[in-house]
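Asks: Encoded as structure tokens, here's the structure I'll be asking about.
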Amino acid sequence: MPQTVVITGASAGIGRATARLYGKRGANVVLVARGRAGLDVAAKEVEALGGRSLVQVTDTADAAQVEAAADAAEQAFGPIDVWINCAFTSVFAPFDEITADEYERVTKVTYLGFVNGTRAALKRMLPRDRGTIVQVGSALGERAIPLQSAYCGAKHAINGFTSSLRTELLHRGSNVHVTVAQMPAVNTPQFSWVRSRLPQHPQPVPPIYQPEVAARGVVHAADHPRRKQYYIGASTLATILANRLCPALLDRYLARTGFDSQQTDLKPPSGESNLFEPVDRVAGTDHGVHGVFDDSAHPRSFEATLARHPAAVASALALGAGAAATAKAALRRRVRAGAA
């Protein structure tokens, strides 16, 4: 039977790239976001790849709308197997330049949107004692950076909330699983439609990865949800390790470099932001999967590939160790023969 998968934030970026992968599997993909244009094109992509789609125009900050989307998903396709929380929004600005309304909106979408999605998924999964929830997190959920205090705060909150939930599920002995896919910098359209008060065009902190790298990590996490979290991209792992080893030093480093590294030489975006309203409301305004950084974004991650294929890595290491031992023994025999 094909899987039924709900993806929030499915109209662009990581969510949409993930929807394409599930489309290739022939899955039933429920596409949830605010922007009708992006969702409609995403639905066509899923169906062209072999899956079935259902569009749900939904503001994930509204718990009632999320609940209605979950109802529609099960009415159309039956029990939800996987729920992926990916929707978010942000503001690029120093903290004292972000208004209370803006801060509240980022928190409602980027944090409470995940809470709402998780609640809707659990309401259906717990009675059946099966299902998987994937939270699309970020390295910034462990290591905060300047100019993104609202987003970093929300991603930190997701980690805390999810860890608490995981312990509750373990206490119950539940077969419902929750895991987090921690993301690196990704080339999504958000950097062209985010609300920004920076003098130049915002960009993710390099190295930048393509959304397909992130999507493969999300799908792998959904397939293997017993791990607490997955680090997608070597930069994610390096950032988290550095923060645990020398957080104060990293604070000073980011104070010096964090402002410039999040801006390009391009002029700031002139269009509207998607903070309170989607920028793809009407036909012809779809923004696709990729952002404007295709020239500098990496299409693959060696570290993420290793994480997806641990058995192959273990075999390769074992073979390498065996070959090294054989070579060492041969060298010893040659040395002994020469001495004789």
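We name chains A, B, ... following the order of the structure tokens; residues begin at 1 in each chain, and ligands are numbered from 1 as shown.
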List every residue of stretch 76-177 of chain A that has an atom at most 9 Å from any atom of stretch 230-246 of chain A, giving for each one its closest atom pair and the distance in Å to one decimal, counting only C-alpha atoms, sorted by chain and then by ascending residue number, as a Markdown table.

Replies:
| residue | atom | partner | partner_atom | distance |
| --- | --- | --- | --- | --- |
| A:Ser138 | CA | A:Thr236 | CA | 7.9 |
| A:Ala139 | CA | A:Thr236 | CA | 5.3 |
| A:Leu140 | CA | A:Thr239 | CA | 8.7 |
| A:Glu142 | CA | A:Ile240 | CA | 6.5 |
| A:Arg143 | CA | A:Asn243 | CA | 6.2 |

Asks: Could you please take those selected residues and save N, CA, C and O atoms as an mmCIF file, in the first residue's frame?

Replies:
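Generated output (again35.cif):
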data_model
loop_
_atom_site.group_PDB
_atom_site.id
_atom_site.type_symbol
_atom_site.label_atom_id
_atom_site.label_comp_id
_atom_site.auth_asym_id
_atom_site.auth_seq_id
_atom_site.Cartn_x
_atom_site.Cartn_y
_atom_site.Cartn_z
ATOM 1 N N SER A 138 17.033 22.725 12.372
ATOM 2 C CA SER A 138 18.124 23.523 11.827
ATOM 3 C C SER A 138 19.296 23.501 12.797
ATOM 4 O O SER A 138 19.106 23.396 14.017
ATOM 5 N N ALA A 139 20.490 23.629 12.238
ATOM 6 C CA ALA A 139 21.663 23.818 13.093
ATOM 7 C C ALA A 139 21.489 25.053 13.968
ATOM 8 O O ALA A 139 22.041 25.126 15.078
ATOM 9 N N LEU A 140 20.678 26.011 13.504
ATOM 10 C CA LEU A 140 20.441 27.230 14.275
ATOM 11 C C LEU A 140 19.536 26.971 15.476
ATOM 12 O O LEU A 140 19.337 27.865 16.298
ATOM 13 N N GLU A 142 20.427 24.864 17.645
ATOM 14 C CA GLU A 142 21.402 24.619 18.718
ATOM 15 C C GLU A 142 22.420 25.748 18.813
ATOM 16 O O GLU A 142 22.931 26.045 19.878
ATOM 17 N N ARG A 143 22.760 26.335 17.677
ATOM 18 C CA ARG A 143 23.732 27.432 17.660
ATOM 19 C C ARG A 143 23.070 28.661 17.039
ATOM 20 O O ARG A 143 22.931 28.759 15.830
#

Asks: For the structure I just gave you, how does DSSP split stretch 107-301 of chain A - specifically, which residues are strand (DSSP E or B)? Reply as a list in words.

Replies: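 Filtering stretch 107-301 of chain A to strand (DSSP E or B) leaves Gly131, Thr132, Ile133, Val134, Gln135, Val136, Gly137, Ser138, Val176, His177, Val178, Thr179, Val180, Ala181, Gln182, Met183, Ala185, Val186, Arg195, Ser196, Pro202, Ile208, Tyr209, Gln229, Tyr230, Tyr231, Gln263, Ala297 and His298 of chain A.
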
Asks: For atom CA of A:Gly288 and atom CA of A:Ile98, determine how far apart the two atoms are, in Å to one decimal place.

Replies: 27.8 Å

Asks: Which polymer residues have any atom within 7 Å of an atom of A:Gly23, counting only C-alpha atoms, with same-chain residues fewer than 2 positions away left out, as a PyMOL selection string?

Replies: chain A and resi 19-21+25-27+46-47+49-51

Asks: Which one of A:Phe92, A:Glu104, A:Val29, A:Val41 sits closest to A:Glu74 if you count only C-alpha atoms?

Replies: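 Counting only C-alpha atoms, the residue closest to A:Glu74 is A:Val29.
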
Asks: Please identify all polymer residues within 12 Å of stretch 128-130 of chain A, counting only C-alpha atoms, omitting same-chain residues fewer than 6 positions from it, and present them as a ChimeraX atom specification.

Replies: /A:79-83,121-122,169,172-178,225

Asks: Keeping C-alpha atoms for every residue in the selection just given, could you write it to a file as a PDB file, in the first residue's frame?

Replies:
ATOM      1  CA  PRO A  79      -4.585   6.791   7.762  1.00  0.00           C
ATOM      2  CA  ILE A  80      -1.645   9.186   7.796  1.00  0.00           C
ATOM      3  CA  ASP A  81       1.663   7.301   7.907  1.00  0.00           C
ATOM      4  CA  VAL A  82       4.120  10.205   7.980  1.00  0.00           C
ATOM      5  CA  TRP A  83       3.669  13.834   9.025  1.00  0.00           C
ATOM      6  CA  ALA A 121      -0.762  13.844  13.703  1.00  0.00           C
ATOM      7  CA  LEU A 122      -0.722  12.325  17.194  1.00  0.00           C
ATOM      8  CA  LEU A 169       6.166   8.335  23.790  1.00  0.00           C
ATOM      9  CA  ARG A 172       4.033   4.805  26.873  1.00  0.00           C
ATOM     10  CA  GLY A 173       5.928   2.207  24.868  1.00  0.00           C
ATOM     11  CA  SER A 174       4.309   3.764  21.804  1.00  0.00           C
ATOM     12  CA  ASN A 175       5.062   2.702  18.252  1.00  0.00           C
ATOM     13  CA  VAL A 176       4.603   6.291  17.127  1.00  0.00           C
ATOM     14  CA  HIS A 177       8.020   7.840  16.480  1.00  0.00           C
ATOM     15  CA  VAL A 178       9.266  11.418  16.284  1.00  0.00           C
ATOM     16  CA  PRO A 225      12.708   7.409  12.826  1.00  0.00           C
TER      17      PRO A 225
END

Asks: Select, from A:Leu147, A:Val194, A:Leu170, A:Val180, the residue with the minimum atom-to-atom distance to A:Gly291, counting only C-alpha atoms.

Replies: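 Distance minimum relative to A:Gly291 lands on A:Val194.
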
Asks: Under the rule that only C-alpha atoms are counted, which of A:Gln148, A:Ser273, A:Thr285, A:Ser163 is the nearest residue to A:Phe259?

Replies: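 Smallest separation from A:Phe259 among the options: A:Gln148.
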
Asks: Could you tell me, as a VMD selection string, which residues of stretch 115-216 of chain A DSSP assigns to helix (DSSP H, G or I) when given the backbone?

Replies: chain A and resid 115 to 128 139 to 141 149 to 172 190 to 193 211 to 216

Asks: Include N, CA and C atoms and write out the residues we just selected as a compact mmCIF listing (two decimals), in the first residue's frame.

Replies:
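What ended up in selection.txt:
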# COMPACT_ATOMS: atom_id res chain seq x y z
N VAL A 115 3.99 22.55 16.57
CA VAL A 115 3.17 22.01 17.66
C VAL A 115 1.79 21.62 17.14
N ASN A 116 1.18 22.49 16.35
CA ASN A 116 -0.14 22.21 15.81
C ASN A 116 -0.13 20.98 14.90
N GLY A 117 0.89 20.89 14.04
CA GLY A 117 0.99 19.74 13.15
C GLY A 117 1.21 18.45 13.93
N THR A 118 2.06 18.53 14.94
CA THR A 118 2.34 17.34 15.75
C THR A 118 1.09 16.89 16.49
N ARG A 119 0.35 17.83 17.03
CA ARG A 119 -0.88 17.49 17.74
C ARG A 119 -1.88 16.80 16.80
N ALA A 120 -2.06 17.35 15.62
CA ALA A 120 -3.00 16.76 14.67
C ALA A 120 -2.58 15.35 14.26
N ALA A 121 -1.26 15.17 14.08
CA ALA A 121 -0.76 13.84 13.70
C ALA A 121 -0.97 12.84 14.84
N LEU A 122 -0.61 13.24 16.06
CA LEU A 122 -0.72 12.33 17.19
C LEU A 122 -2.17 11.94 17.48
N LYS A 123 -3.09 12.85 17.28
CA LYS A 123 -4.50 12.55 17.51
C LYS A 123 -4.95 11.35 16.69
N ARG A 124 -4.33 11.17 15.53
CA ARG A 124 -4.70 10.06 14.65
C ARG A 124 -3.77 8.86 14.79
N MET A 125 -2.51 9.11 15.07
CA MET A 125 -1.53 8.03 15.13
C MET A 125 -1.57 7.25 16.45
N LEU A 126 -1.77 7.95 17.57
CA LEU A 126 -1.71 7.27 18.86
C LEU A 126 -2.76 6.17 19.01
N PRO A 127 -4.02 6.40 18.63
CA PRO A 127 -4.99 5.31 18.75
C PRO A 127 -4.65 4.09 17.90
N ARG A 128 -3.97 4.30 16.77
CA ARG A 128 -3.57 3.19 15.90
C ARG A 128 -2.23 2.60 16.31
N ALA A 139 20.49 23.63 12.24
CA ALA A 139 21.66 23.82 13.09
C ALA A 139 21.49 25.05 13.97
N LEU A 140 20.68 26.01 13.50
CA LEU A 140 20.44 27.23 14.28
C LEU A 140 19.54 26.97 15.48
N GLY A 141 18.99 25.76 15.58
CA GLY A 141 18.24 25.38 16.76
C GLY A 141 19.14 25.00 17.91
N SER A 149 17.06 36.24 15.44
CA SER A 149 16.69 35.85 16.80
C SER A 149 15.34 35.17 16.86
N ALA A 150 14.36 35.64 16.09
CA ALA A 150 13.02 35.03 16.14
C ALA A 150 13.06 33.61 15.60
N TYR A 151 13.74 33.42 14.48
CA TYR A 151 13.84 32.09 13.87
C TYR A 151 14.64 31.15 14.77
N CYS A 152 15.78 31.61 15.27
CA CYS A 152 16.61 30.76 16.14
C CYS A 152 15.85 30.38 17.41
N GLY A 153 15.13 31.33 17.98
CA GLY A 153 14.35 31.02 19.17
C GLY A 153 13.30 29.95 18.90
N ALA A 154 12.64 30.03 17.75
CA ALA A 154 11.62 29.05 17.39
C ALA A 154 12.23 27.68 17.18
N LYS A 155 13.39 27.62 16.51
CA LYS A 155 14.03 26.33 16.25
C LYS A 155 14.57 25.71 17.54
N HIS A 156 15.06 26.53 18.47
CA HIS A 156 15.43 26.01 19.78
C HIS A 156 14.21 25.42 20.48
N ALA A 157 13.09 26.10 20.38
CA ALA A 157 11.87 25.63 21.03
C ALA A 157 11.41 24.29 20.46
N ILE A 158 11.56 24.12 19.16
CA ILE A 158 11.17 22.85 18.53
C ILE A 158 11.99 21.71 19.10
N ASN A 159 13.28 21.93 19.30
CA ASN A 159 14.13 20.87 19.87
C ASN A 159 13.66 20.49 21.27
N GLY A 160 13.38 21.49 22.11
CA GLY A 160 12.94 21.21 23.47
C GLY A 160 11.60 20.51 23.51
N PHE A 161 10.67 21.02 22.73
CA PHE A 161 9.33 20.42 22.66
C PHE A 161 9.39 18.97 22.18
N THR A 162 10.19 18.73 21.13
CA THR A 162 10.26 17.38 20.56
C THR A 162 10.93 16.41 21.52
N SER A 163 11.97 16.85 22.22
CA SER A 163 12.63 15.98 23.19
C SER A 163 11.67 15.59 24.31
N SER A 164 10.87 16.54 24.78
CA SER A 164 9.89 16.24 25.81
C SER A 164 8.86 15.23 25.31
N LEU A 165 8.36 15.46 24.11
CA LEU A 165 7.39 14.53 23.53
C LEU A 165 7.98 13.14 23.36
N ARG A 166 9.22 13.07 22.92
CA ARG A 166 9.85 11.76 22.69
C ARG A 166 9.88 10.94 23.98
N THR A 167 10.21 11.58 25.08
CA THR A 167 10.26 10.85 26.35
C THR A 167 8.87 10.37 26.76
N GLU A 168 7.84 11.14 26.46
CA GLU A 168 6.48 10.71 26.76
C GLU A 168 6.09 9.48 25.93
N LEU A 169 6.46 9.48 24.65
CA LEU A 169 6.17 8.33 23.79
C LEU A 169 6.93 7.10 24.26
N LEU A 170 8.17 7.29 24.68
CA LEU A 170 8.95 6.16 25.21
C LEU A 170 8.31 5.61 26.48
N HIS A 171 7.83 6.51 27.33
CA HIS A 171 7.18 6.08 28.57
C HIS A 171 5.96 5.22 28.28
N ARG A 172 5.23 5.57 27.24
CA ARG A 172 4.03 4.81 26.87
C ARG A 172 4.36 3.49 26.18
N GLN A 190 13.17 31.36 0.29
CA GLN A 190 12.86 32.22 1.43
C GLN A 190 13.72 33.48 1.49
N PHE A 191 14.94 33.40 0.95
CA PHE A 191 15.84 34.54 1.08
C PHE A 191 15.45 35.68 0.14
N SER A 192 14.55 35.40 -0.79
CA SER A 192 14.04 36.45 -1.66
C SER A 192 12.67 36.95 -1.24
N TRP A 193 11.99 36.22 -0.36
CA TRP A 193 10.66 36.68 0.07
C TRP A 193 10.57 36.91 1.58
N PRO A 211 18.12 22.22 -2.00
CA PRO A 211 17.00 21.63 -1.27
C PRO A 211 16.89 20.11 -1.43
N GLU A 212 17.38 19.58 -2.54
CA GLU A 212 17.31 18.12 -2.73
C GLU A 212 18.15 17.37 -1.71
N VAL A 213 19.28 17.97 -1.28
CA VAL A 213 20.10 17.36 -0.24
C VAL A 213 19.29 17.27 1.05
N ALA A 214 18.63 18.36 1.40
CA ALA A 214 17.80 18.38 2.61
C ALA A 214 16.65 17.40 2.50
N ALA A 215 16.02 17.33 1.34
CA ALA A 215 14.86 16.45 1.17
C ALA A 215 15.25 14.99 1.33
N ARG A 216 16.40 14.61 0.79
CA ARG A 216 16.84 13.22 0.97
C ARG A 216 17.05 12.91 2.46

Asks: For A:Val136, which residue among A:Gln229, A:Leu112, A:Pro94, A:Ala73 is the nearest when counting only C-alpha atoms?

Replies: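 Residue with the minimum atom-to-atom distance to A:Val136: A:Gln229.
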
Asks: Using only C-alpha atoms, determine which residues lie at most 12 Å from A:Asp40, disregarding the query and same-chain residues fewer than 5 positions distant; provide the list as a CSV table (one decimal) with all heavy atoms, in the first residue's frame.

Replies:
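Written output follows (result-v3.csv):
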chain,number,residue,atom,x,y,z
A,10,ALA,N,4.9,22.9,1.9
A,10,ALA,CA,5.1,22.1,0.7
A,10,ALA,C,5.1,22.9,-0.6
A,10,ALA,O,5.3,22.3,-1.6
A,10,ALA,CB,4.1,21.0,0.6
A,11,SER,N,4.9,24.2,-0.5
A,11,SER,CA,4.8,25.0,-1.7
A,11,SER,C,6.1,25.4,-2.3
A,11,SER,O,6.2,25.8,-3.5
A,11,SER,CB,3.9,26.2,-1.5
A,11,SER,OG,4.5,27.0,-0.5
A,12,ALA,N,7.2,25.2,-1.5
A,12,ALA,CA,8.5,25.7,-2.0
A,12,ALA,C,9.6,25.0,-1.2
A,12,ALA,O,9.3,24.3,-0.2
A,12,ALA,CB,8.6,27.2,-2.0
A,16,ARG,N,8.8,21.2,-0.7
A,16,ARG,CA,8.4,20.8,-2.0
A,16,ARG,C,9.4,19.8,-2.6
A,16,ARG,O,8.9,18.8,-3.3
A,16,ARG,CB,8.4,22.0,-2.9
A,16,ARG,CG,7.9,21.8,-4.3
A,16,ARG,CD,7.2,22.9,-4.9
A,16,ARG,NE,7.2,23.0,-6.3
A,16,ARG,CZ,6.9,24.0,-7.0
A,16,ARG,NH1,6.5,25.1,-6.4
A,16,ARG,NH2,6.9,24.0,-8.4
A,30,VAL,N,-0.1,14.8,0.8
A,30,VAL,CA,-0.9,15.9,1.2
A,30,VAL,C,-0.1,17.2,1.3
A,30,VAL,O,0.8,17.2,2.2
A,30,VAL,CB,-1.7,15.6,2.5
A,30,VAL,CG1,-2.7,16.8,2.8
A,30,VAL,CG2,-2.4,14.3,2.3
A,31,LEU,N,-0.3,18.2,0.5
A,31,LEU,CA,0.5,19.4,0.4
A,31,LEU,C,-0.1,20.5,1.1
A,31,LEU,O,-1.2,21.0,0.8
A,31,LEU,CB,0.7,19.7,-1.1
A,31,LEU,CG,1.3,18.6,-2.0
A,31,LEU,CD1,0.9,18.8,-3.4
A,31,LEU,CD2,2.8,18.5,-1.8
A,32,VAL,N,0.5,21.0,2.2
A,32,VAL,CA,0.0,22.0,3.1
A,32,VAL,C,0.8,23.2,3.1
A,32,VAL,O,2.1,23.2,3.3
A,32,VAL,CB,-0.1,21.4,4.5
A,32,VAL,CG1,-0.6,22.5,5.5
A,32,VAL,CG2,-1.0,20.2,4.6
A,33,ALA,N,0.2,24.4,2.8
A,33,ALA,CA,0.9,25.7,2.9
A,33,ALA,C,-0.1,26.7,2.6
A,33,ALA,O,-1.3,26.4,2.4
A,33,ALA,CB,2.0,25.8,1.8
A,34,ARG,N,0.3,28.0,2.7
A,34,ARG,CA,-0.7,29.1,2.5
A,34,ARG,C,-0.8,29.5,1.0
A,34,ARG,O,-1.8,30.0,0.6
A,34,ARG,CB,-0.2,30.3,3.3
A,34,ARG,CG,-0.2,30.2,4.8
A,34,ARG,CD,0.4,31.4,5.4
A,34,ARG,NE,1.7,31.6,5.0
A,34,ARG,CZ,2.4,32.8,5.1
A,34,ARG,NH1,1.8,33.9,5.6
A,34,ARG,NH2,3.6,32.9,4.8
A,35,GLY,N,0.2,29.3,0.2
A,35,GLY,CA,0.3,29.8,-1.1
A,35,GLY,C,-0.4,28.8,-2.1
A,35,GLY,O,0.2,27.7,-2.4
A,45,GLU,N,3.5,18.3,-10.0
A,45,GLU,CA,4.8,17.6,-10.0
A,45,GLU,C,4.7,16.2,-9.4
A,45,GLU,O,5.2,15.2,-9.9
A,45,GLU,CB,5.8,18.4,-9.3
A,45,GLU,CG,6.2,19.7,-10.0
A,45,GLU,CD,7.1,20.6,-9.2
A,45,GLU,OE1,7.2,20.4,-7.9
A,45,GLU,OE2,7.6,21.6,-9.7
A,46,VAL,N,4.0,16.1,-8.2
A,46,VAL,CA,3.8,14.9,-7.5
A,46,VAL,C,3.1,13.8,-8.4
A,46,VAL,O,3.5,12.7,-8.5
A,46,VAL,CB,3.1,15.1,-6.2
A,46,VAL,CG1,2.6,13.7,-5.6
A,46,VAL,CG2,3.9,15.8,-5.2
A,47,GLU,N,2.1,14.3,-9.1
A,47,GLU,CA,1.3,13.3,-9.9
A,47,GLU,C,2.1,12.9,-11.2
A,47,GLU,O,2.0,11.8,-11.6
A,47,GLU,CB,0.0,14.0,-10.2
A,47,GLU,CG,-0.9,14.1,-9.0
A,47,GLU,CD,-2.3,14.8,-9.2
A,47,GLU,OE1,-2.5,15.1,-10.4
A,47,GLU,OE2,-3.0,14.9,-8.3
A,53,SER,N,-1.9,13.4,-5.1
A,53,SER,CA,-1.7,14.6,-4.4
A,53,SER,C,-3.1,15.2,-3.9
A,53,SER,O,-4.1,14.9,-4.5
A,53,SER,CB,-1.0,15.7,-5.2
A,53,SER,OG,-1.9,16.1,-6.3
A,54,LEU,N,-3.0,15.9,-2.8
A,54,LEU,CA,-4.1,16.6,-2.2
A,54,LEU,C,-3.6,18.0,-1.7
A,54,LEU,O,-2.7,18.0,-0.9
A,54,LEU,CB,-4.8,15.9,-1.1
A,54,LEU,CG,-5.9,16.6,-0.4
A,54,LEU,CD1,-7.2,16.7,-1.3
A,54,LEU,CD2,-6.3,15.9,0.9
A,55,VAL,N,-4.2,19.1,-2.3
A,55,VAL,CA,-3.8,20.4,-1.9
A,55,VAL,C,-4.6,20.9,-0.7
A,55,VAL,O,-5.9,20.8,-0.8
A,55,VAL,CB,-3.9,21.4,-3.1
A,55,VAL,CG1,-3.8,22.8,-2.6
A,55,VAL,CG2,-2.8,21.1,-4.1
A,56,GLN,N,-4.0,21.4,0.3
A,56,GLN,CA,-4.7,22.0,1.5
A,56,GLN,C,-4.1,23.4,1.8
A,56,GLN,O,-3.0,23.5,2.3
A,56,GLN,CB,-4.6,21.1,2.7
A,56,GLN,CG,-5.4,19.8,2.6
A,56,GLN,CD,-6.9,20.1,2.6
A,56,GLN,OE1,-7.5,20.5,3.6
A,56,GLN,NE2,-7.5,19.8,1.4
A,57,VAL,N,-4.8,24.4,1.4
A,57,VAL,CA,-4.4,25.8,1.7
A,57,VAL,C,-4.6,26.0,3.1
A,57,VAL,O,-5.8,26.1,3.6
A,57,VAL,CB,-5.1,26.8,0.8
A,57,VAL,CG1,-4.7,28.2,1.2
A,57,VAL,CG2,-4.8,26.5,-0.7
A,280,ASP,N,2.8,33.7,-3.0
A,280,ASP,CA,2.3,32.9,-4.2
A,280,ASP,C,0.8,32.6,-4.0
A,280,ASP,O,0.4,31.5,-4.1
A,280,ASP,CB,3.1,31.6,-4.3
A,280,ASP,CG,3.1,30.8,-3.0
A,280,ASP,OD1,2.7,31.3,-1.9
A,280,ASP,OD2,3.5,29.6,-3.0
A,281,ARG,N,0.1,33.7,-3.9
A,281,ARG,CA,-1.4,33.6,-3.7
A,281,ARG,C,-2.1,33.2,-5.0
A,281,ARG,O,-3.1,32.5,-5.0
A,281,ARG,CB,-2.0,34.9,-3.1
A,281,ARG,CG,-1.6,35.2,-1.7
A,281,ARG,CD,-2.4,36.3,-1.1
A,281,ARG,NE,-2.1,37.6,-1.9
A,281,ARG,CZ,-1.1,38.4,-1.5
A,281,ARG,NH1,-0.3,38.2,-0.5
A,281,ARG,NH2,-0.9,39.5,-2.2
A,282,VAL,N,-1.6,33.8,-6.1
A,282,VAL,CA,-2.4,33.7,-7.3
A,282,VAL,C,-1.6,33.0,-8.4
A,282,VAL,O,-0.3,32.9,-8.3
A,282,VAL,CB,-2.8,35.1,-7.8
A,282,VAL,CG1,-3.7,35.8,-6.8
A,282,VAL,CG2,-1.6,36.0,-8.1
A,283,ALA,N,-2.2,32.5,-9.4
A,283,ALA,CA,-1.6,31.8,-10.5
A,283,ALA,C,-0.5,32.6,-11.1
A,283,ALA,O,-0.6,33.8,-11.2
A,283,ALA,CB,-2.6,31.4,-11.5
A,284,GLY,N,0.6,31.9,-11.4
A,284,GLY,CA,1.8,32.6,-12.0
A,284,GLY,C,2.8,33.2,-11.1
A,284,GLY,O,3.7,33.8,-11.5
A,285,THR,N,2.6,32.9,-9.8
A,285,THR,CA,3.5,33.5,-8.7
A,285,THR,C,4.2,32.4,-8.0
A,285,THR,O,4.7,32.6,-6.9
A,285,THR,CB,2.7,34.4,-7.7
A,285,THR,OG1,1.7,33.6,-7.1
A,285,THR,CG2,2.2,35.6,-8.4
A,286,ASP,N,4.3,31.2,-8.6
A,286,ASP,CA,5.0,30.1,-8.0
A,286,ASP,C,6.5,30.4,-8.0
A,286,ASP,O,7.1,30.9,-9.0
A,286,ASP,CB,4.8,28.8,-8.8
A,286,ASP,CG,5.6,27.6,-8.4
A,286,ASP,OD1,5.8,27.4,-7.2
A,286,ASP,OD2,6.2,27.0,-9.3
A,287,HIS,N,7.2,30.1,-6.9
A,287,HIS,CA,8.6,30.4,-6.7
A,287,HIS,C,9.5,29.1,-6.8
A,287,HIS,O,10.7,29.2,-6.7
A,287,HIS,CB,8.8,31.1,-5.3
A,287,HIS,CG,8.3,32.5,-5.3
A,287,HIS,ND1,9.1,33.6,-5.4
A,287,HIS,CD2,7.1,33.0,-5.2
A,287,HIS,CE1,8.4,34.7,-5.4
A,287,HIS,NE2,7.2,34.3,-5.3
A,288,GLY,N,8.9,28.0,-6.9
A,288,GLY,CA,9.7,26.7,-7.2
A,288,GLY,C,10.4,26.2,-5.9
A,288,GLY,O,10.1,26.6,-4.8

Asks: Contacts of stretch 266-272 of chain A at 8 Å or less, counting only C-alpha atoms, minus same-chain residues fewer than 3 places along, as a short mmCIF file (atom, residue, chain, number, x, y, z; two decimals) with all heavy atoms, in the first residue's frame?

Replies:
data_model
loop_
_atom_site.label_atom_id
_atom_site.label_comp_id
_atom_site.auth_asym_id
_atom_site.auth_seq_id
_atom_site.Cartn_x
_atom_site.Cartn_y
_atom_site.Cartn_z
N SER A 192 14.55 35.40 -0.79
CA SER A 192 14.04 36.45 -1.66
C SER A 192 12.67 36.95 -1.24
O SER A 192 12.22 37.99 -1.72
CB SER A 192 13.97 35.94 -3.11
OG SER A 192 15.27 35.64 -3.59
N TRP A 193 11.99 36.22 -0.36
CA TRP A 193 10.66 36.68 0.07
C TRP A 193 10.57 36.91 1.58
O TRP A 193 9.54 37.32 2.09
CB TRP A 193 9.56 35.76 -0.42
CG TRP A 193 9.49 34.37 0.18
CD1 TRP A 193 9.90 33.97 1.42
CD2 TRP A 193 8.92 33.21 -0.43
NE1 TRP A 193 9.63 32.64 1.62
CE2 TRP A 193 9.02 32.14 0.50
CE3 TRP A 193 8.32 32.97 -1.66
CZ2 TRP A 193 8.56 30.86 0.23
CZ3 TRP A 193 7.86 31.68 -1.93
CH2 TRP A 193 7.98 30.65 -1.00
N ARG A 195 10.98 38.77 5.16
CA ARG A 195 11.00 40.18 5.57
C ARG A 195 12.40 40.51 6.07
O ARG A 195 12.93 39.84 6.96
CB ARG A 195 9.97 40.44 6.67
CG ARG A 195 9.95 41.89 7.13
CD ARG A 195 8.67 42.24 7.85
NE ARG A 195 7.51 42.18 6.94
CZ ARG A 195 6.29 42.61 7.26
NH1 ARG A 195 6.07 43.13 8.46
NH2 ARG A 195 5.30 42.52 6.39
N SER A 196 13.00 41.53 5.49
CA SER A 196 14.39 41.85 5.81
C SER A 196 14.58 43.35 5.97
O SER A 196 14.02 44.14 5.21
CB SER A 196 15.32 41.33 4.69
OG SER A 196 16.65 41.76 4.91
N LEU A 198 17.89 44.31 6.29
CA LEU A 198 19.32 44.38 6.03
C LEU A 198 19.58 45.28 4.83
O LEU A 198 18.76 45.39 3.92
CB LEU A 198 19.88 42.97 5.76
CG LEU A 198 19.59 41.91 6.82
CD1 LEU A 198 20.27 40.59 6.44
CD2 LEU A 198 20.05 42.37 8.19
N PRO A 199 20.75 45.92 4.77
CA PRO A 199 21.03 46.81 3.65
C PRO A 199 21.26 46.07 2.33
O PRO A 199 21.13 46.67 1.26
CB PRO A 199 22.31 47.54 4.09
CG PRO A 199 22.93 46.66 5.13
CD PRO A 199 21.79 45.97 5.81
N GLN A 200 21.62 44.79 2.40
CA GLN A 200 21.86 44.00 1.19
C GLN A 200 20.95 42.77 1.20
O GLN A 200 20.26 42.49 2.17
CB GLN A 200 23.33 43.57 1.11
CG GLN A 200 24.33 44.71 1.12
CD GLN A 200 24.21 45.62 -0.09
OE1 GLN A 200 23.87 45.18 -1.18
NE2 GLN A 200 24.49 46.91 0.10
N HIS A 201 21.00 42.02 0.10
CA HIS A 201 20.16 40.82 -0.05
C HIS A 201 20.60 39.76 0.96
O HIS A 201 21.78 39.43 1.05
CB HIS A 201 20.31 40.28 -1.48
CG HIS A 201 19.27 39.28 -1.87
ND1 HIS A 201 19.15 38.05 -1.26
CD2 HIS A 201 18.30 39.32 -2.83
CE1 HIS A 201 18.15 37.38 -1.82
NE2 HIS A 201 17.62 38.13 -2.76
N PRO A 202 19.67 39.21 1.76
CA PRO A 202 20.06 38.17 2.73
C PRO A 202 20.45 36.87 2.03
O PRO A 202 19.98 36.57 0.92
CB PRO A 202 18.79 37.97 3.57
CG PRO A 202 17.68 38.43 2.70
CD PRO A 202 18.24 39.52 1.83
N VAL A 279 3.34 34.94 -0.73
CA VAL A 279 3.67 35.70 -1.93
C VAL A 279 3.29 34.93 -3.19
O VAL A 279 3.50 35.42 -4.30
CB VAL A 279 5.18 36.06 -1.97
CG1 VAL A 279 5.54 36.97 -0.81
CG2 VAL A 279 6.04 34.80 -1.96
#
